[in-house]
>>> print(open('my_file24.tsv').read())   # TSV, C-alpha atoms
chain	number	residue	atom	x	y	z
A	1	MET	CA	35.96	10.76	5.99
A	2	GLU	CA	35.74	8.65	2.84
A	3	LEU	CA	36.70	5.59	4.85
A	4	ALA	CA	34.02	6.35	7.43
A	5	LYS	CA	31.39	6.64	4.69
A	6	ALA	CA	32.54	3.40	3.13
A	7	ILE	CA	32.31	1.64	6.49
A	8	ILE	CA	28.78	3.01	7.03
A	9	LEU	CA	27.60	1.87	3.60
A	10	ALA	CA	29.18	-1.55	4.01
A	11	GLY	CA	27.65	-1.94	7.46
A	12	CYS	CA	24.18	-0.99	6.17
A	13	ALA	CA	24.43	-3.39	3.23
A	14	ILE	CA	25.62	-6.29	5.40
A	15	GLY	CA	22.94	-5.49	7.97
A	16	ALA	CA	20.23	-5.54	5.30
A	17	GLY	CA	21.42	-8.92	4.15
A	18	LEU	CA	21.43	-10.24	7.71
A	19	ALA	CA	17.96	-8.79	8.36
A	20	LEU	CA	16.51	-10.88	5.56
A	21	ILE	CA	17.61	-14.09	7.31
A	22	ALA	CA	14.34	-13.51	9.17
A	23	GLY	CA	12.65	-14.90	6.06
A	24	ILE	CA	13.67	-18.44	7.04
A	25	GLY	CA	11.29	-18.66	9.98
A	26	PRO	CA	8.04	-17.75	8.19
A	27	GLY	CA	9.05	-20.01	5.30
A	28	ILE	CA	9.34	-23.05	7.54
A	29	GLY	CA	6.28	-22.09	9.58
A	30	GLU	CA	4.01	-21.48	6.61
A	31	GLY	CA	5.16	-24.65	4.93
A	32	TYR	CA	4.33	-26.60	8.07
A	33	ALA	CA	0.91	-24.91	8.34
A	34	VAL	CA	0.06	-25.63	4.71
A	35	GLY	CA	1.18	-29.22	5.11
A	36	LYS	CA	-1.07	-29.71	8.12
A	37	ALA	CA	-3.96	-28.03	6.29
A	38	LEU	CA	-3.52	-30.40	3.35
A	39	GLU	CA	-3.50	-33.36	5.74
A	40	SER	CA	-6.73	-32.23	7.33
A	41	ILE	CA	-8.36	-31.59	3.94
A	42	GLY	CA	-7.30	-35.07	2.93
A	43	ARG	CA	-8.94	-36.46	6.05
A	44	GLN	CA	-12.12	-34.38	5.83
A	45	PRO	CA	-12.58	-32.97	2.30
A	46	GLU	CA	-15.92	-31.38	3.25
A	47	CYS	CA	-14.11	-28.87	5.54
A	48	LYS	CA	-12.01	-27.53	2.66
A	49	GLY	CA	-13.36	-23.97	2.67
A	50	ASP	CA	-13.02	-23.43	6.41
A	51	VAL	CA	-9.58	-24.99	6.58
A	52	THR	CA	-8.31	-22.93	3.64
A	53	SER	CA	-9.48	-19.57	4.98
A	54	THR	CA	-8.17	-20.27	8.48
A	55	MET	CA	-4.87	-21.43	7.02
A	56	LEU	CA	-4.49	-18.25	4.95
A	57	LEU	CA	-5.15	-16.12	8.04
A	58	GLY	CA	-2.62	-18.12	10.04
A	59	CYS	CA	-0.07	-17.82	7.25
A	60	ALA	CA	-0.55	-14.06	7.16
A	61	ILE	CA	0.08	-13.83	10.88
A	62	ALA	CA	3.07	-16.16	10.71
A	63	GLU	CA	4.46	-13.92	7.99
A	64	THR	CA	4.71	-10.95	10.39
A	65	THR	CA	8.24	-11.64	11.61
A	66	GLY	CA	9.47	-12.00	8.05
A	67	ILE	CA	7.84	-8.70	7.17
A	68	TYR	CA	9.59	-7.06	10.14
A	69	GLY	CA	12.89	-8.32	8.75
A	70	PHE	CA	12.02	-7.02	5.29
A	71	VAL	CA	11.07	-3.57	6.62
A	72	THR	CA	14.31	-3.46	8.61
A	73	GLY	CA	16.21	-4.32	5.44
A	74	LEU	CA	14.43	-1.55	3.52
A	75	LEU	CA	15.21	0.96	6.28
A	76	LEU	CA	18.87	-0.10	6.26
A	77	ILE	CA	19.14	0.33	2.50
A	78	PHE	CA	17.15	3.52	1.94
A	79	VAL	CA	17.04	5.43	5.24
A	80	ALA	CA	19.95	4.47	7.48
A	81	PRO	CA	22.89	5.53	5.22
A	82	GLY	CA	21.49	9.06	4.97
A	83	ILE	CA	21.00	9.36	8.73
A	84	PHE	CA	24.42	7.95	9.64
A	85	THR	CA	26.41	9.93	7.07
A	86	GLY	CA	24.55	13.02	8.28
A	87	MET	CA	25.85	12.32	11.79
A	88	LEU	CA	29.50	12.48	10.68
B	1	MET	CA	20.70	-1.04	-15.30
B	2	ASN	CA	18.71	1.40	-13.23
B	3	VAL	CA	16.42	0.21	-10.45
B	4	ASP	CA	13.70	2.72	-9.63
B	5	ILE	CA	12.35	2.17	-6.11
B	6	HIS	CA	10.88	5.30	-4.62
B	7	GLY	CA	8.36	6.50	-2.08
B	8	PRO	CA	5.37	8.71	-2.89
B	9	ARG	CA	6.34	11.67	-5.06
B	10	ILE	CA	5.42	15.13	-3.86
B	11	PHE	CA	3.23	17.04	-6.32
B	12	PHE	CA	3.41	20.43	-4.64
B	13	THR	CA	3.69	21.96	-1.18
B	14	ILE	CA	1.09	24.17	0.48
B	15	PRO	CA	3.04	26.98	2.19
B	16	VAL	CA	1.11	26.83	5.49
B	17	LEU	CA	2.56	25.77	8.88
B	18	GLY	CA	6.02	25.31	7.45
B	19	GLY	CA	4.83	23.61	4.26
B	20	ILE	CA	2.34	20.73	3.91
B	21	PRO	CA	3.49	18.41	1.12
B	22	ILE	CA	0.70	17.07	-1.13
B	23	THR	CA	1.90	13.58	-2.11
B	24	GLU	CA	0.72	10.92	-4.54
B	25	THR	CA	-0.69	9.00	-1.56
B	26	MET	CA	-3.05	11.81	-0.58
B	27	VAL	CA	-4.22	12.56	-4.10
B	28	TYR	CA	-4.86	8.91	-5.03
B	29	SER	CA	-6.53	8.12	-1.69
B	30	LEU	CA	-8.86	11.07	-2.11
B	31	GLY	CA	-9.61	10.01	-5.69
B	32	LEU	CA	-10.38	6.45	-4.57
B	33	THR	CA	-12.63	7.72	-1.77
B	34	LEU	CA	-14.58	9.79	-4.30
B	35	LEU	CA	-14.73	6.76	-6.62
B	36	ILE	CA	-16.11	4.49	-3.86
B	37	LEU	CA	-18.62	7.18	-2.84
B	38	GLY	CA	-19.70	7.56	-6.46
B	39	VAL	CA	-20.14	3.79	-6.88
B	40	CYS	CA	-22.19	3.66	-3.66
B	41	PHE	CA	-24.44	6.51	-4.80
B	42	PHE	CA	-24.82	4.93	-8.25
B	43	LEU	CA	-25.67	1.48	-6.89
B	44	THR	CA	-28.19	2.65	-4.30
B	45	ARG	CA	-30.27	4.91	-6.55
B	46	ASP	CA	-34.01	4.20	-6.69
B	47	LEU	CA	-34.13	1.05	-4.56
B	48	ARG	CA	-37.39	-0.93	-4.66
B	49	VAL	CA	-38.94	-3.92	-2.95
B	50	ARG	CA	-40.39	-5.45	-6.12
B	51	ALA	CA	-39.03	-5.69	-9.67
B	52	VAL	CA	-35.44	-4.99	-8.61
B	53	SER	CA	-32.96	-3.73	-11.19
B	54	LYS	CA	-29.61	-5.38	-11.96
B	55	ARG	CA	-27.92	-2.53	-10.15
B	56	GLN	CA	-29.85	-3.28	-6.98
B	57	VAL	CA	-28.94	-6.97	-7.19
B	58	VAL	CA	-25.24	-6.04	-7.24
B	59	ALA	CA	-25.69	-3.66	-4.32
B	60	GLU	CA	-27.59	-6.27	-2.30
B	61	PHE	CA	-24.93	-8.88	-3.03
B	62	LEU	CA	-22.13	-6.58	-1.82
B	63	VAL	CA	-23.96	-5.52	1.32
B	64	GLU	CA	-24.98	-9.08	2.18
B	65	THR	CA	-21.45	-10.40	1.68
B	66	ALA	CA	-19.99	-7.75	3.99
B	67	GLN	CA	-22.73	-8.26	6.56
B	68	ASN	CA	-22.35	-12.05	6.54
B	69	PHE	CA	-18.59	-11.68	6.98
B	70	VAL	CA	-19.01	-9.43	10.01
B	71	ASN	CA	-21.85	-11.49	11.52
B	72	GLY	CA	-19.87	-14.68	11.08
B	73	ASN	CA	-16.75	-13.28	12.75
B	74	MET	CA	-18.20	-11.03	15.44
B	75	GLY	CA	-21.74	-12.23	16.06
B	76	GLU	CA	-25.08	-10.50	15.52
B	77	ARG	CA	-24.59	-7.94	18.28
B	78	PHE	CA	-21.73	-6.30	16.38
B	79	ALA	CA	-23.65	-6.03	13.12
B	80	TYR	CA	-23.05	-2.26	13.08
B	81	TYR	CA	-19.37	-2.86	12.31
B	82	GLY	CA	-20.40	-4.03	8.82
B	83	PRO	CA	-20.10	-0.65	7.06
B	84	LEU	CA	-16.71	0.07	8.66
B	85	THR	CA	-15.31	-3.30	7.60
B	86	ALA	CA	-16.69	-2.94	4.09
B	87	ALA	CA	-15.17	0.54	3.80
B	88	LEU	CA	-11.79	-0.69	5.00
B	89	PHE	CA	-11.90	-3.61	2.58
B	90	ALA	CA	-12.89	-1.45	-0.40
B	91	SER	CA	-10.24	1.21	0.26
B	92	SER	CA	-7.51	-1.33	0.91
B	93	LEU	CA	-8.31	-3.45	-2.14
B	94	LEU	CA	-8.69	-0.53	-4.56
B	95	SER	CA	-5.56	1.19	-3.20
B	96	SER	CA	-3.43	-1.89	-3.72
B	97	LEU	CA	-4.94	-2.58	-7.14
B	98	LEU	CA	-3.78	0.86	-8.34
B	99	SER	CA	-0.39	-0.72	-8.98
B	100	LEU	CA	-2.03	-2.60	-11.88
B	101	PHE	CA	-2.27	0.73	-13.70
B	102	GLY	CA	1.36	1.58	-12.95
B	103	LEU	CA	0.33	4.21	-10.41
B	104	PHE	CA	1.74	4.48	-6.90
B	105	PRO	CA	-0.47	2.36	-4.60
B	106	PRO	CA	-1.30	4.40	-1.45
B	107	THR	CA	-0.95	1.25	0.66
B	108	SER	CA	2.78	1.09	-0.08
B	109	ASP	CA	3.09	4.32	1.89
B	110	LEU	CA	3.30	3.39	5.58
B	111	ASN	CA	1.06	6.32	6.55
B	112	THR	CA	-2.06	4.78	4.97
B	113	PRO	CA	-2.12	1.36	6.69
B	114	LEU	CA	-0.78	2.92	9.90
B	115	SER	CA	-3.70	5.34	10.05
B	116	TRP	CA	-6.18	2.49	9.50
B	117	ALA	CA	-4.44	0.41	12.17
B	118	LEU	CA	-4.48	3.29	14.66
B	119	MET	CA	-8.19	3.74	14.02
B	120	VAL	CA	-8.74	0.04	14.72
B	121	PHE	CA	-6.58	0.34	17.85
B	122	VAL	CA	-8.78	3.17	19.15
B	123	LEU	CA	-11.86	1.02	18.49
B	124	ILE	CA	-10.31	-1.95	20.32
B	125	THR	CA	-9.45	0.21	23.33
B	126	TYR	CA	-12.93	1.75	23.31
B	127	THR	CA	-14.56	-1.69	23.18
B	128	LYS	CA	-12.39	-2.93	26.04
B	129	MET	CA	-13.23	0.10	28.17
B	130	ARG	CA	-16.94	-0.24	27.43
B	131	THR	CA	-16.94	-3.93	28.35
B	132	GLY	CA	-15.02	-3.76	31.62
B	133	GLY	CA	-14.99	-0.05	32.47
B	134	VAL	CA	-11.84	2.07	32.62
B	135	GLY	CA	-10.78	0.34	35.85
B	136	GLY	CA	-11.26	-3.08	34.35
B	137	TYR	CA	-9.28	-2.02	31.27
B	138	LEU	CA	-6.35	-0.85	33.39
B	139	LYS	CA	-6.61	-3.91	35.62
B	140	GLY	CA	-6.40	-6.12	32.54
B	141	PHE	CA	-2.75	-5.12	32.13
B	142	THR	CA	-1.79	-6.71	35.45
B	143	GLN	CA	-3.24	-10.10	34.54
B	144	PRO	CA	-2.31	-12.87	35.24
B	145	ILE	CA	0.43	-11.52	37.58
B	146	PRO	CA	1.53	-7.86	38.04
B	147	VAL	CA	5.13	-8.66	37.00
B	148	LEU	CA	3.93	-9.06	33.41
B	149	THR	CA	2.60	-5.49	33.14
B	150	PRO	CA	5.39	-4.14	30.85
B	151	PHE	CA	5.00	-7.10	28.51
B	152	ASN	CA	1.23	-6.64	28.41
B	153	ILE	CA	1.66	-2.98	27.47
B	154	LEU	CA	4.18	-3.95	24.78
B	155	SER	CA	1.89	-6.59	23.30
B	156	GLU	CA	-0.97	-4.07	23.34
B	157	LEU	CA	1.15	-1.58	21.39
B	158	ALA	CA	2.35	-4.30	19.01
B	159	THR	CA	-1.17	-4.83	17.67
B	160	PRO	CA	-1.49	-1.68	15.50
B	161	ILE	CA	2.20	-1.78	14.53
B	162	SER	CA	2.04	-5.38	13.32
B	163	MET	CA	-1.23	-4.76	11.44
B	164	ALA	CA	0.21	-1.69	9.69
B	165	PHE	CA	3.58	-3.23	8.88
B	166	ARG	CA	2.03	-6.46	7.61
B	167	HIS	CA	-0.07	-4.65	5.05
B	168	PHE	CA	2.67	-2.17	4.14
B	169	GLY	CA	5.40	-4.81	3.89
B	170	ASN	CA	3.41	-7.13	1.66
B	171	ILE	CA	2.51	-4.45	-0.87
B	172	VAL	CA	5.99	-2.87	-0.86
B	173	SER	CA	7.76	-6.21	-1.23
B	174	GLY	CA	5.61	-6.84	-4.32
B	175	SER	CA	6.55	-3.53	-5.91
B	176	VAL	CA	10.25	-3.92	-5.00
B	177	ILE	CA	10.41	-7.39	-6.56
B	178	THR	CA	8.49	-6.22	-9.63
B	179	SER	CA	10.86	-3.30	-10.22
B	180	LEU	CA	13.89	-5.59	-9.71
B	181	VAL	CA	12.46	-8.00	-12.30
B	182	TYR	CA	11.85	-5.14	-14.72
B	183	ALA	CA	15.46	-3.96	-14.35
B	184	ALA	CA	16.77	-7.53	-14.77
B	185	LEU	CA	14.63	-8.08	-17.88
B	186	ALA	CA	15.87	-4.82	-19.39
B	187	ALA	CA	19.47	-5.92	-18.81
B	188	ALA	CA	18.74	-9.43	-20.15
B	189	SER	CA	17.06	-8.17	-23.31
B	190	THR	CA	19.97	-5.83	-23.98
B	191	ALA	CA	22.39	-8.74	-23.55
B	192	VAL	CA	20.50	-11.43	-25.51
B	193	ILE	CA	19.24	-9.26	-28.32
B	194	GLY	CA	22.56	-7.42	-28.50
B	195	LEU	CA	24.28	-10.77	-28.98
B	196	LEU	CA	21.84	-11.79	-31.73
B	197	SER	CA	21.73	-8.48	-33.54
B	198	GLY	CA	25.46	-8.01	-33.85
B	199	THR	CA	24.87	-8.42	-37.57
B	200	VAL	CA	21.68	-8.29	-39.62
B	201	PHE	CA	22.37	-11.69	-41.17
B	202	LEU	CA	22.28	-13.84	-38.02
B	203	PRO	CA	18.61	-13.17	-37.14
B	204	LEU	CA	17.62	-13.43	-40.82
B	205	ILE	CA	19.33	-16.80	-41.18
B	206	LEU	CA	17.76	-17.95	-37.91
B	207	ALA	CA	14.29	-16.86	-39.04
B	208	ALA	CA	14.69	-18.54	-42.45
B	209	LEU	CA	15.86	-21.75	-40.77
B	210	GLY	CA	12.88	-21.60	-38.43
B	211	VAL	CA	10.41	-21.12	-41.29
B	212	ALA	CA	11.94	-24.10	-43.11
B	213	MET	CA	11.64	-26.23	-39.96
B	214	LEU	CA	8.01	-25.13	-39.53
B	215	ILE	CA	7.09	-26.04	-43.10
B	216	THR	CA	8.69	-29.48	-42.92
B	217	GLY	CA	7.18	-29.96	-39.47
B	218	PHE	CA	3.66	-29.25	-40.73
B	219	LYS	CA	4.12	-31.40	-43.82
B	220	GLY	CA	5.45	-34.42	-41.89
B	221	ASN	CA	3.28	-33.54	-38.86
B	222	LYS	CA	6.24	-33.74	-36.47
B	223	LEU	CA	5.85	-31.89	-33.16
B	224	PRO	CA	9.56	-31.38	-32.24
B	225	ARG	CA	10.25	-29.67	-35.57
B	226	LYS	CA	7.29	-27.36	-35.05
B	227	VAL	CA	8.51	-26.38	-31.55
B	228	VAL	CA	12.09	-25.78	-32.65
B	229	GLY	CA	10.80	-23.85	-35.67
B	230	VAL	CA	8.63	-21.57	-33.53
B	231	VAL	CA	11.54	-20.88	-31.15
B	232	ALA	CA	13.92	-20.15	-34.03
B	233	VAL	CA	11.45	-17.84	-35.77
B	234	ALA	CA	10.77	-16.02	-32.51
B	235	LEU	CA	14.49	-15.59	-31.83
B	236	GLY	CA	15.07	-14.39	-35.38
B	237	VAL	CA	12.23	-11.87	-35.21
B	238	LEU	CA	13.41	-10.71	-31.78
B	239	GLY	CA	16.94	-10.36	-33.15
B	240	ALA	CA	15.70	-8.32	-36.08
B	241	LEU	CA	13.62	-6.23	-33.68
B	242	GLY	CA	16.65	-5.85	-31.46
B	243	TYR	CA	18.69	-4.67	-34.44
B	244	ALA	CA	16.06	-1.98	-34.88
B	245	GLY	CA	15.93	-1.72	-31.08
B	246	THR	CA	19.59	-0.74	-30.80
B	247	VAL	CA	18.44	2.38	-32.60
B	248	LEU	CA	15.14	2.67	-30.68
B	249	ASP	CA	16.38	0.99	-27.44
B	250	ILE	CA	13.28	-1.08	-26.62
B	251	PRO	CA	13.62	-3.76	-23.93
B	252	VAL	CA	11.77	-6.52	-25.82
B	253	LEU	CA	11.78	-9.07	-22.99
B	254	GLN	CA	9.79	-6.73	-20.72
B	255	VAL	CA	6.67	-7.49	-22.80
B	256	GLY	CA	4.43	-10.09	-21.17
B	257	ILE	CA	6.81	-11.82	-18.76
B	258	PRO	CA	6.11	-9.53	-15.73
B	259	ALA	CA	2.39	-10.24	-16.11
B	260	VAL	CA	2.92	-13.62	-14.45
B	261	LEU	CA	4.33	-11.90	-11.36
B	262	SER	CA	1.61	-9.29	-11.52
B	263	VAL	CA	-1.10	-11.92	-11.08
B	264	TYR	CA	0.41	-12.92	-7.74
B	265	PHE	CA	1.72	-9.63	-6.39
B	266	ASP	CA	-0.98	-7.29	-7.63
B	267	LEU	CA	-4.18	-9.36	-7.77
B	268	PHE	CA	-3.73	-12.14	-5.21
B	269	SER	CA	-1.66	-10.23	-2.67
B	270	SER	CA	-3.89	-7.14	-2.77
B	271	PHE	CA	-7.01	-9.19	-2.22
B	272	MET	CA	-5.36	-11.29	0.48
B	273	GLN	CA	-4.07	-8.30	2.45
B	274	ALA	CA	-7.40	-6.48	2.31
B	275	PHE	CA	-9.17	-9.65	3.50
B	276	ILE	CA	-6.68	-10.25	6.30
B	277	PHE	CA	-6.82	-6.66	7.49
B	278	CYS	CA	-10.62	-6.83	7.76
B	279	MET	CA	-10.50	-10.28	9.35
B	280	LEU	CA	-8.04	-9.09	12.01
B	281	THR	CA	-10.07	-5.94	12.63
B	282	THR	CA	-13.25	-7.90	13.30
B	283	LEU	CA	-11.50	-10.58	15.36
B	284	TYR	CA	-9.61	-8.10	17.56
B	285	ILE	CA	-12.71	-6.04	18.27
B	286	ALA	CA	-14.86	-9.10	18.97
B	287	ASN	CA	-12.09	-10.45	21.20
B	288	ALA	CA	-11.91	-7.16	23.11
B	289	ALA	CA	-15.60	-7.43	24.00
B	290	GLU	CA	-15.23	-10.90	25.48
B	291	GLU	CA	-12.64	-10.13	28.14
>>> encode(input="my_file24.tsv", output="structure tokens")
Amino acid sequence: MELAKAIILAGCAIGAGLALIAGIGPGIGEGYAVGKALESIGRQPECKGDVTSTMLLGCAIAETTGIYGFVTGLLLIFVAPGIFTGML
Amino acid sequence: MNVDIHGPRIFFTIPVLGGIPITETMVYSLGLTLLILGVCFFLTRDLRVRAVSKRQVVAEFLVETAQNFVNGNMGERFAYYGPLTAALFASSLLSSLLSLFGLFPPTSDLNTPLSWALMVFVLITYTKMRTGGVGGYLKGFTQPIPVLTPFNILSELATPISMAFRHFGNIVSGSVITSLVYAALAAASTAVIGLLSGTVFLPLILAALGVAMLITGFKGNKLPRKVVGVVAVALGVLGALGYAGTVLDIPVLQVGIPAVLSVYFDLFSSFMQAFIFCMLTTLYIANAAEE
């Protein structure tokens, strides 16, 4: 019983860590988007306002997958251990 | 080291229908709604055409900003979505900003953004049905080829879920990181100050040394001595405080440092998420009318 609980907790903790690997994608994507936005501002400084607001919107949407990973991690830490130990 | 990450606390339970819990989310949301209503009533009292008051200028500015936002994103024919967007923005922004006062922000409860997102989803579906009729709406799922129908249904359902989780996740990640930083700073101040305040003499010697450095630094007008002196005096005072703090147990390092994080996570992120939620609302609805 104790061993089963320990395995559940370890599995949840490892899973939460793995879930946060999802943060890599948005990091690269947002960095690329910001880089391109800076390039375009450099080319046409008069478009700065439009480019910035569009870039922020795009970044927020690109962030979604990372947020899914984060929510999964939260569920694995706070919710899943209770559910799984209740199943034993 | 105790990390305190929790959901909304339950104040009390109404014993109807198997118990309806009254949580922090509900109480604070209701309070914010009343606050927004009160501000609206206050700002729109005795409006005039000539000789406008300062209050009216503020009200006109707010209304015009919201209206320009909606007109710019959706076009003139959807001007009636202005009040809805402004209401969403105000509730979202004020809810998230509650964390500045150390209260539980209602937006870090999934129920709040999910209910907004479901409302927007209903509006999107309604707009689609009104544009193409119910038949056209159902037919839209089989475009471009009927094989893609399950994926179209999935992507339709993903809209409210992604909107809700984006808002929720951003606010919650801020509060999780802030509470982790608070716990880490408490541990660090116990360690650093505990090391310094092992005896009373160490901080006193440090402070005296720092004062001496400061005096010579000001006399000779040397910058490095001033800097080192300030650091030494600060460490000495902190050590002395920590010596008192071992009795009082005050985490000295928690003063001021988290404010830097707060500027990003509370001010910037709250504003950003409210803006993005409204932007997506207007864009989705305007997009639904075009199909």
>>> interface_residues(input="my_file24.tsv", of="chain A", to="chain B", cutoff="9 Å", atoms="all atoms listed in the file", output="ChimeraX atom specification")
/A:56-57,60-61,63-65,67-68,70-71
>>> residues_around(input="my_file24.tsv", residues="Val34 in chain A", least_positions_apart="6", cutoff="12 Å", atoms="all atoms listed in the file", output="PyMOL selection string")
chain A and resi 26-28+40-41+51-60+62
>>> atom_distance(input="my_file24.tsv", atom1="CA of Asp46 in chain B", atom2="CA of Ala87 in chain B")
21.9 Å
>>> residues_around(input="my_file24.tsv", residues="Leu235 in chain B", least_positions_apart="4", cutoff="8 Å", atoms="all atoms listed in the file", output="list in words")
Pro203, Leu206, Ala207, Val231 and Gly239 of chain B
>>> atom_distance(input="my_file24.tsv", atom1="CA of Phe141 in chain B", atom2="CA of Ala288 in chain B")
13.0 Å
>>> residues_around(input="my_file24.tsv", residues="range 12-25 of chain A", least_positions_apart="2", cutoff="8 Å", atoms="only C-alpha atoms", output="VMD selection string")
chain A and resid 8 to 10 27 to 29 65 to 67 69 to 70 72 to 74 76 to 77 80 to 81
>>> closest_atom_pairs(input="my_file24.tsv", of="range 50-107 of chain B", to="range 17-32 of chain B", cutoff="9 Å", atoms="only C-alpha atoms", output="tab-separated table")
residue	atom	partner	partner_atom	distance
B:Ser91	CA	B:Leu32	CA	7.1
B:Leu94	CA	B:Leu32	CA	7.2
B:Ser95	CA	B:Ser29	CA	7.2
B:Leu98	CA	B:Tyr28	CA	8.8
B:Leu103	CA	B:Tyr28	CA	8.8
B:Phe104	CA	B:Glu24	CA	6.9
B:Pro105	CA	B:Thr25	CA	7.3
B:Pro106	CA	B:Thr25	CA	4.6
B:Thr107	CA	B:Thr25	CA	8.1
>>> atom_distance(input="my_file24.tsv", atom1="CA of Tyr182 in chain B", atom2="CA of Val237 in chain B")
21.6 Å
>>> closest_residue(input="my_file24.tsv", among="B:Ile145, B:Ala289, B:Met213, B:Ala188", to="Met74 in chain B", atoms="all atoms listed in the file")
B:Ala289
>>> residues_near_point(input="my_file24.tsv", point="(-13.3, -0.4, 25.3)", cutoff="12 Å", atoms="only C-alpha atoms", output="number ranges by chain")
B: 120-138, 140, 284-291
>>> write_last_selection(input="my_file24.tsv", atoms="C-alpha atoms", output="short mmCIF file (atom, residue, chain, number, x, y, z; two decimals), in the coordinates of the input")
data_model
loop_
_atom_site.label_atom_id
_atom_site.label_comp_id
_atom_site.auth_asym_id
_atom_site.auth_seq_id
_atom_site.Cartn_x
_atom_site.Cartn_y
_atom_site.Cartn_z
CA VAL B 120 -8.74 0.04 14.72
CA PHE B 121 -6.58 0.34 17.85
CA VAL B 122 -8.78 3.17 19.15
CA LEU B 123 -11.86 1.02 18.49
CA ILE B 124 -10.31 -1.95 20.32
CA THR B 125 -9.45 0.21 23.33
CA TYR B 126 -12.93 1.75 23.31
CA THR B 127 -14.56 -1.69 23.18
CA LYS B 128 -12.39 -2.93 26.04
CA MET B 129 -13.23 0.10 28.17
CA ARG B 130 -16.94 -0.24 27.43
CA THR B 131 -16.94 -3.93 28.35
CA GLY B 132 -15.02 -3.76 31.62
CA GLY B 133 -14.99 -0.05 32.47
CA VAL B 134 -11.84 2.07 32.62
CA GLY B 135 -10.78 0.34 35.85
CA GLY B 136 -11.26 -3.08 34.35
CA TYR B 137 -9.28 -2.02 31.27
CA LEU B 138 -6.35 -0.85 33.39
CA GLY B 140 -6.40 -6.12 32.54
CA TYR B 284 -9.61 -8.10 17.56
CA ILE B 285 -12.71 -6.04 18.27
CA ALA B 286 -14.86 -9.10 18.97
CA ASN B 287 -12.09 -10.45 21.20
CA ALA B 288 -11.91 -7.16 23.11
CA ALA B 289 -15.60 -7.43 24.00
CA GLU B 290 -15.23 -10.90 25.48
CA GLU B 291 -12.64 -10.13 28.14
#
>>> residues_around(input="my_file24.tsv", residues="Gly72 in chain B", least_positions_apart="6", cutoff="10 Å", atoms="only C-alpha atoms", output="mmCIF file with C-alpha atoms, in the frame of the given file")
data_model
loop_
_atom_site.group_PDB
_atom_site.id
_atom_site.type_symbol
_atom_site.label_atom_id
_atom_site.label_comp_id
_atom_site.auth_asym_id
_atom_site.auth_seq_id
_atom_site.Cartn_x
_atom_site.Cartn_y
_atom_site.Cartn_z
ATOM 1 C CA ALA B 66 -19.990 -7.750 3.990
ATOM 2 C CA ALA B 79 -23.650 -6.030 13.120
ATOM 3 C CA THR B 282 -13.250 -7.900 13.300
#
